[in-house]
file model_7.csv (CSV, C-alpha atoms)
chain,number,residue,atom,x,y,z
A,1,MET,CA,61.8,33.7,-11.4
A,2,GLY,CA,60.3,31.8,-14.3
A,3,GLU,CA,61.2,28.6,-15.9
A,4,SER,CA,60.5,27.6,-19.5
A,5,LEU,CA,58.6,24.3,-19.3
A,6,PHE,CA,55.8,22.6,-21.1
A,7,PRO,CA,52.8,22.0,-18.9
A,8,GLY,CA,49.4,20.8,-20.2
A,9,LYS,CA,50.5,17.4,-21.4
A,10,ILE,CA,48.3,14.3,-21.3
A,11,GLU,CA,51.1,12.0,-20.2
A,12,VAL,CA,50.0,8.4,-20.9
A,13,ASP,CA,52.7,5.9,-21.5
A,14,LEU,CA,55.5,8.3,-22.1
A,15,ALA,CA,53.5,11.3,-23.2
A,16,GLN,CA,52.2,10.1,-26.5
A,17,VAL,CA,49.3,12.6,-26.8
A,18,CYS,CA,50.0,16.3,-26.1
A,19,ILE,CA,47.6,19.3,-25.8
A,20,ARG,CA,49.2,22.7,-25.6
A,21,ILE,CA,47.8,26.3,-25.5
A,22,ALA,CA,48.0,28.3,-28.7
A,23,ASP,CA,47.4,32.0,-29.2
A,24,CYS,CA,46.9,32.2,-32.9
A,25,PRO,CA,45.0,30.2,-35.5
A,26,ALA,CA,48.2,29.2,-37.4
A,27,CYS,CA,50.5,28.5,-34.4
A,28,THR,CA,52.5,25.4,-34.5
A,29,VAL,CA,55.5,26.5,-32.4
A,30,TYR,CA,54.9,26.7,-28.7
A,31,GLY,CA,56.3,27.0,-25.2
A,32,GLU,CA,54.9,28.1,-22.0
A,33,VAL,CA,56.6,30.2,-19.3
A,34,PHE,CA,55.3,30.2,-15.7
A,35,VAL,CA,56.4,31.0,-12.2
A,36,VAL,CA,57.2,27.8,-10.3
A,37,GLN,CA,55.9,29.2,-7.0
A,38,ARG,CA,52.4,29.8,-8.6
A,39,GLN,CA,51.8,26.1,-9.5
A,40,VAL,CA,49.8,23.7,-7.4
A,41,ALA,CA,50.5,20.0,-7.5
A,42,GLU,CA,48.5,17.6,-5.3
A,43,PRO,CA,47.5,14.0,-5.8
A,44,GLY,CA,44.9,14.0,-8.5
A,45,TYR,CA,45.2,17.7,-9.3
A,46,TYR,CA,47.7,20.1,-11.0
A,47,ALA,CA,47.2,23.8,-11.7
A,48,VAL,CA,49.5,26.5,-13.1
A,49,PHE,CA,49.1,30.0,-14.5
A,50,LEU,CA,50.8,30.2,-18.0
A,51,ASP,CA,52.2,33.7,-18.1
A,52,THR,CA,52.9,33.5,-21.9
A,53,TYR,CA,49.2,33.2,-22.7
A,54,GLN,CA,47.6,34.5,-19.5
A,55,VAL,CA,45.8,31.2,-19.1
A,56,LYS,CA,45.2,29.2,-16.0
A,57,ALA,CA,45.5,25.5,-16.7
A,58,GLU,CA,44.2,22.8,-14.4
A,59,ILE,CA,44.1,19.0,-14.8
A,60,SER,CA,42.7,16.1,-12.9
A,61,ALA,CA,42.6,12.4,-13.7
A,62,THR,CA,40.1,9.6,-13.3
A,63,LYS,CA,40.6,5.8,-13.9
A,64,ARG,CA,39.9,6.2,-17.6
A,65,GLY,CA,40.9,9.7,-18.5
A,66,ALA,CA,41.5,13.2,-17.6
A,67,ILE,CA,39.6,16.5,-17.3
A,68,HIS,CA,41.3,19.7,-18.2
A,69,ARG,CA,40.0,23.2,-17.3
A,70,TYR,CA,41.5,26.3,-19.0
A,71,THR,CA,40.6,29.8,-18.0
A,72,PHE,CA,41.3,32.1,-20.9
A,73,PRO,CA,41.6,35.9,-21.2
A,74,GLU,CA,39.4,37.7,-23.8
A,75,SER,CA,40.9,36.7,-27.2
A,76,SER,CA,39.9,36.2,-30.8
A,77,GLU,CA,42.9,33.8,-31.2
A,78,ALA,CA,42.6,31.4,-28.3
A,79,GLY,CA,43.0,27.7,-28.8
A,80,PHE,CA,45.0,24.5,-28.5
A,81,ILE,CA,47.5,22.5,-30.5
A,82,LEU,CA,46.8,18.8,-30.3
A,83,ASP,CA,50.3,17.4,-31.1
A,84,LEU,CA,50.8,13.7,-31.9
A,85,ASP,CA,54.4,14.4,-33.1
A,86,TYR,CA,55.4,15.0,-29.4
A,87,SER,CA,57.6,12.3,-28.0
A,88,LEU,CA,59.2,12.3,-24.5
A,89,GLN,CA,61.9,9.8,-25.2
A,90,ARG,CA,62.6,10.0,-29.0
A,91,GLN,CA,60.1,7.3,-30.0
A,92,THR,CA,59.8,6.9,-33.7
A,93,ASN,CA,56.3,7.8,-34.9
A,94,SER,CA,55.4,5.3,-37.6
A,95,ASP,CA,51.6,6.0,-38.0
A,96,MET,CA,49.4,8.9,-36.7
A,97,GLY,CA,46.0,10.1,-37.5
A,98,ILE,CA,43.5,12.7,-36.2
A,99,GLU,CA,39.8,12.7,-37.0
A,100,VAL,CA,37.5,15.6,-36.2
A,101,ILE,CA,34.1,14.0,-35.2
A,102,SER,CA,32.2,17.3,-34.6
A,103,ASP,CA,33.0,20.9,-33.7
A,104,THR,CA,33.5,19.7,-30.1
A,105,GLU,CA,34.9,16.2,-30.5
A,106,ILE,CA,38.2,14.9,-31.9
A,107,CYS,CA,39.9,11.5,-31.8
A,108,GLY,CA,43.0,9.8,-33.2
A,109,HIS,CA,45.7,7.2,-32.9
A,110,LYS,CA,49.4,6.9,-32.9
A,111,LYS,CA,51.8,4.0,-33.3
A,112,THR,CA,55.4,4.4,-32.1
A,113,THR,CA,58.5,2.3,-31.6
A,114,TYR,CA,61.3,2.7,-29.1
A,115,TRP,CA,61.6,0.7,-26.0
A,116,ALA,CA,58.3,-1.0,-26.8
A,117,PHE,CA,57.8,-2.5,-30.2
A,118,ASP,CA,54.5,-1.4,-31.9
A,119,GLN,CA,53.2,0.8,-29.1
A,120,TYR,CA,49.7,2.0,-29.9
A,121,ILE,CA,47.8,4.9,-28.3
A,122,ASN,CA,44.3,6.0,-29.2
A,123,PHE,CA,42.6,9.0,-27.8
A,124,TYR,CA,39.2,10.8,-27.7
A,125,ALA,CA,38.7,14.4,-26.5
A,126,LYS,CA,35.5,16.4,-26.0
A,127,PHE,CA,35.6,20.1,-25.6
A,128,SER,CA,33.0,22.3,-23.9
A,129,LYS,CA,33.3,25.0,-26.5
A,130,PRO,CA,33.0,24.5,-30.3
A,131,PHE,CA,36.2,25.0,-32.2
A,132,ALA,CA,37.4,25.7,-35.8
A,133,TYR,CA,40.4,23.7,-36.8
A,134,THR,CA,43.4,23.2,-39.1
A,135,LEU,CA,44.8,19.7,-39.6
A,136,ILE,CA,48.6,19.5,-40.3
A,137,THR,CA,49.5,16.1,-41.7
A,138,ASP,CA,52.7,15.9,-43.7
A,139,SER,CA,56.2,14.7,-43.2
A,140,VAL,CA,59.6,16.1,-42.4
A,141,THR,CA,62.8,15.0,-44.0
A,142,MET,CA,65.6,14.5,-41.5
A,143,ASP,CA,69.4,15.1,-42.1
A,144,ASN,CA,69.9,11.4,-42.8
A,145,GLY,CA,67.2,11.5,-45.5
A,146,LYS,CA,64.6,9.6,-43.5
A,147,ARG,CA,61.0,11.0,-43.6
A,148,LEU,CA,59.1,11.3,-40.4
A,149,PRO,CA,55.3,11.8,-40.3
A,150,VAL,CA,53.8,15.0,-38.8
A,151,CYS,CA,50.3,15.1,-37.3
A,152,LYS,CA,48.8,18.1,-35.4
A,153,ALA,CA,45.4,19.7,-35.0
A,154,VAL,CA,45.3,23.4,-34.4
A,155,LEU,CA,42.0,24.2,-32.7
A,156,HIS,CA,40.9,27.9,-32.4
A,157,PHE,CA,38.0,29.9,-31.0
A,158,ASN,CA,37.1,33.2,-29.4
A,159,THR,CA,37.0,33.6,-25.7
A,160,LYS,CA,35.5,36.2,-23.3
A,161,LYS,CA,37.5,37.4,-20.2
A,162,ASP,CA,37.8,34.5,-17.7
A,163,GLU,CA,36.0,32.1,-19.9
A,164,GLU,CA,36.5,28.4,-19.0
A,165,VAL,CA,37.0,25.7,-21.6
A,166,LEU,CA,36.8,22.1,-20.4
A,167,VAL,CA,38.5,19.2,-22.2
A,168,LYS,CA,37.6,15.6,-21.3
A,169,VAL,CA,40.2,13.2,-22.6
A,170,GLY,CA,40.3,9.4,-22.7
A,171,VAL,CA,43.1,7.2,-23.9
A,172,SER,CA,43.4,3.6,-24.7
A,173,ALA,CA,46.1,1.2,-25.9
A,174,VAL,CA,43.4,-1.1,-27.3
A,175,ASP,CA,41.2,0.9,-29.6
A,176,ILE,CA,39.4,4.2,-29.9
A,177,TYR,CA,35.9,2.8,-29.8
A,178,ASN,CA,36.3,1.5,-26.2
A,179,LYS,CA,37.4,4.9,-25.3
A,180,ILE,CA,34.5,6.7,-26.9
A,181,PHE,CA,31.7,4.3,-25.7
A,182,GLY,CA,33.2,4.0,-22.2
A,183,PHE,CA,33.9,7.7,-21.9
A,184,GLY,CA,30.9,8.6,-19.7
A,185,LYS,CA,31.7,6.1,-17.0
A,186,ASN,CA,34.1,8.4,-15.1

call {"tool": "encode", "arguments": {"input": "model_7.csv", "output": "structure tokens"}}
result
Amino acid sequence: MGESLFPGKIEVDLAQVCIRIADCPACTVYGEVFVVQRQVAEPGYYAVFLDTYQVKAEISATKRGAIHRYTFPESSEAGFILDLDYSLQRQTNSDMGIEVISDTEICGHKKTTYWAFDQYINFYAKFSKPFAYTLITDSVTMDNGKRLPVCKAVLHFNTKKDEEVLVKVGVSAVDIYNKIFGFGKN
């Protein structure tokens, strides 16, 4: 029996930065299906096989960040969606930005309001495999006429059967530069 859930999140202060699996270069809609009995959850480690994409996802945390390992099938359309729009508790995204530093590094920031006024999150991610990318930065008009910003990066690459892609991620509520320069400590 499967459940439709969304694993693979980097949940820091109400899930402000989200990485999801994508199986096509232009994908912006996503959802993963997995069998609950095939997930492993232990202190400091989580793993699940994502049936939708045939990808094994694993994550572990350190004091300053997280390490993800994804084992992909052979594909010419493997990749990730780095989604700053995602919000666990209906926070309002007032400012978001993503910068591609190199073909293996990406960073960004997000400012939200909800229970905390002016909540800032900065992130830095380093991938073990070079990626091509598409940035989606626009806005959506709600029914009430209010415009909300949109900010996603769709990362894509080719994979061989059982190829592992590692993603090291750091987050900071202070600034991105502390995260980048302190990244190698853990």

call {"tool": "atom_distance", "arguments": {"input": "model_7.csv", "atom1": "CA of Lys152 (chain A)", "atom2": "CA of Phe72 (chain A)"}}
result
21.5 Å

call {"tool": "atom_distance", "arguments": {"input": "model_7.csv", "atom1": "CA of Phe117 (chain A)", "atom2": "CA of Thr137 (chain A)"}}
result
23.4 Å

call {"tool": "residues_near_point", "arguments": {"input": "model_7.csv", "point": "(46.8, 19.2, -32.6)", "cutoff": "6 Å", "atoms": "all atoms listed in the file", "output": "ChimeraX atom specification"}}
result
/A:81-83,152-154

call {"tool": "atom_distance", "arguments": {"input": "model_7.csv", "atom1": "CA of Lys129 (chain A)", "atom2": "CA of Ser87 (chain A)"}}
result
27.5 Å

call {"tool": "closest_residue", "arguments": {"input": "model_7.csv", "among": "A:Cys151, A:Pro43, A:Gly65, A:Val140", "to": "Leu84 (chain A)", "atoms": "only C-alpha atoms"}}
result
A:Cys151

call {"tool": "closest_residue", "arguments": {"input": "model_7.csv", "among": "A:Arg20, A:Lys126, A:Arg90, A:Lys110", "to": "Gly170 (chain A)", "atoms": "only C-alpha atoms"}}
result
A:Lys126

call {"tool": "residues_near_point", "arguments": {"input": "model_7.csv", "point": "(38.2, 33.8, -31.2)", "cutoff": "8 Å", "atoms": "all atoms listed in the file", "output": "list in words"}}
result
Ser75, Ser76, Glu77, Ala78, His156, Phe157, Asn158 and Thr159 of chain A

call {"tool": "closest_residue", "arguments": {"input": "model_7.csv", "among": "A:Gln54, A:Ser60, A:Gln91, A:Gln119", "to": "Val174 (chain A)", "atoms": "all atoms listed in the file"}}
result
A:Gln119

call {"tool": "residues_around", "arguments": {"input": "model_7.csv", "residues": "Glu163 (chain A)", "least_positions_apart": "6", "cutoff": "9 Å", "atoms": "only C-alpha atoms", "output": "list in words"}}
result
Tyr70, Thr71, Phe72, Pro73 and Glu74 of chain A

call {"tool": "build_atoms", "arguments": {"input": "model_7.csv", "residues": "region 56-88 of chain A", "atoms": "N, CA and C atoms", "output": "compact mmCIF listing (two decimals), in the coordinates of the input"}}
result
# COMPACT_ATOMS: atom_id res chain seq x y z
N LYS A 56 45.03 30.14 -17.10
CA LYS A 56 45.20 29.20 -16.00
C LYS A 56 44.82 27.82 -16.50
N ALA A 57 45.72 26.86 -16.29
CA ALA A 57 45.50 25.50 -16.70
C ALA A 57 45.40 24.58 -15.53
N GLU A 58 44.37 23.74 -15.51
CA GLU A 58 44.20 22.80 -14.40
C GLU A 58 43.87 21.41 -15.04
N ILE A 59 44.33 20.37 -14.35
CA ILE A 59 44.10 19.00 -14.80
C ILE A 59 43.87 18.08 -13.66
N SER A 60 42.94 17.15 -13.84
CA SER A 60 42.70 16.10 -12.90
C SER A 60 42.44 14.82 -13.61
N ALA A 61 42.70 13.71 -12.98
CA ALA A 61 42.60 12.40 -13.70
C ALA A 61 41.56 11.52 -13.00
N THR A 62 40.99 10.62 -13.81
CA THR A 62 40.10 9.60 -13.30
C THR A 62 40.77 8.24 -13.72
N LYS A 63 40.10 7.14 -13.47
CA LYS A 63 40.60 5.80 -13.90
C LYS A 63 40.79 5.73 -15.38
N ARG A 64 39.89 6.34 -16.11
CA ARG A 64 39.90 6.20 -17.60
C ARG A 64 40.23 7.38 -18.38
N GLY A 65 40.59 8.47 -17.75
CA GLY A 65 40.90 9.70 -18.50
C GLY A 65 41.30 10.84 -17.68
N ALA A 66 41.12 12.01 -18.26
CA ALA A 66 41.50 13.20 -17.60
C ALA A 66 40.51 14.33 -17.92
N ILE A 67 40.40 15.30 -17.03
CA ILE A 67 39.60 16.50 -17.30
C ILE A 67 40.52 17.69 -17.15
N HIS A 68 40.51 18.52 -18.18
CA HIS A 68 41.30 19.70 -18.20
C HIS A 68 40.34 20.92 -18.05
N ARG A 69 40.75 21.97 -17.34
CA ARG A 69 40.00 23.20 -17.30
C ARG A 69 40.99 24.35 -17.60
N TYR A 70 40.70 25.13 -18.62
CA TYR A 70 41.50 26.30 -19.00
C TYR A 70 40.72 27.53 -18.87
N THR A 71 41.24 28.52 -18.15
CA THR A 71 40.60 29.80 -18.00
C THR A 71 41.34 30.81 -18.85
N PHE A 72 40.67 31.29 -19.90
CA PHE A 72 41.30 32.10 -20.90
C PHE A 72 41.02 33.62 -20.66
N PRO A 73 41.89 34.49 -21.17
CA PRO A 73 41.60 35.90 -21.20
C PRO A 73 40.65 36.16 -22.44
N GLU A 74 40.18 37.37 -22.61
CA GLU A 74 39.40 37.70 -23.80
C GLU A 74 40.39 37.62 -25.00
N SER A 75 39.96 36.87 -26.03
CA SER A 75 40.90 36.70 -27.20
C SER A 75 40.06 36.23 -28.39
N SER A 76 40.48 36.68 -29.55
CA SER A 76 39.90 36.20 -30.80
C SER A 76 40.84 35.11 -31.39
N GLU A 77 41.92 34.78 -30.68
CA GLU A 77 42.90 33.80 -31.20
C GLU A 77 43.25 32.75 -30.14
N ALA A 78 42.32 32.41 -29.26
CA ALA A 78 42.60 31.40 -28.30
C ALA A 78 42.53 30.01 -28.91
N GLY A 79 43.15 29.04 -28.29
CA GLY A 79 43.00 27.70 -28.80
C GLY A 79 44.07 26.73 -28.27
N PHE A 80 44.13 25.58 -28.91
CA PHE A 80 45.00 24.50 -28.50
C PHE A 80 45.72 23.93 -29.72
N ILE A 81 46.86 23.31 -29.46
CA ILE A 81 47.50 22.50 -30.50
C ILE A 81 47.48 21.06 -29.91
N LEU A 82 46.84 20.17 -30.63
CA LEU A 82 46.80 18.80 -30.30
C LEU A 82 47.95 18.15 -31.10
N ASP A 83 49.02 17.73 -30.44
CA ASP A 83 50.30 17.40 -31.10
C ASP A 83 50.59 15.91 -30.94
N LEU A 84 50.45 15.13 -32.01
CA LEU A 84 50.80 13.70 -31.90
C LEU A 84 52.30 13.51 -32.26
N ASP A 85 52.99 14.54 -32.77
CA ASP A 85 54.40 14.40 -33.10
C ASP A 85 55.24 14.33 -31.77
N TYR A 86 54.71 14.91 -30.69
CA TYR A 86 55.40 15.00 -29.40
C TYR A 86 55.88 13.65 -28.94
N SER A 87 57.10 13.58 -28.47
CA SER A 87 57.60 12.30 -28.00
C SER A 87 58.59 12.64 -26.81
N LEU A 88 58.36 12.01 -25.69
CA LEU A 88 59.20 12.30 -24.50
C LEU A 88 60.55 11.62 -24.60
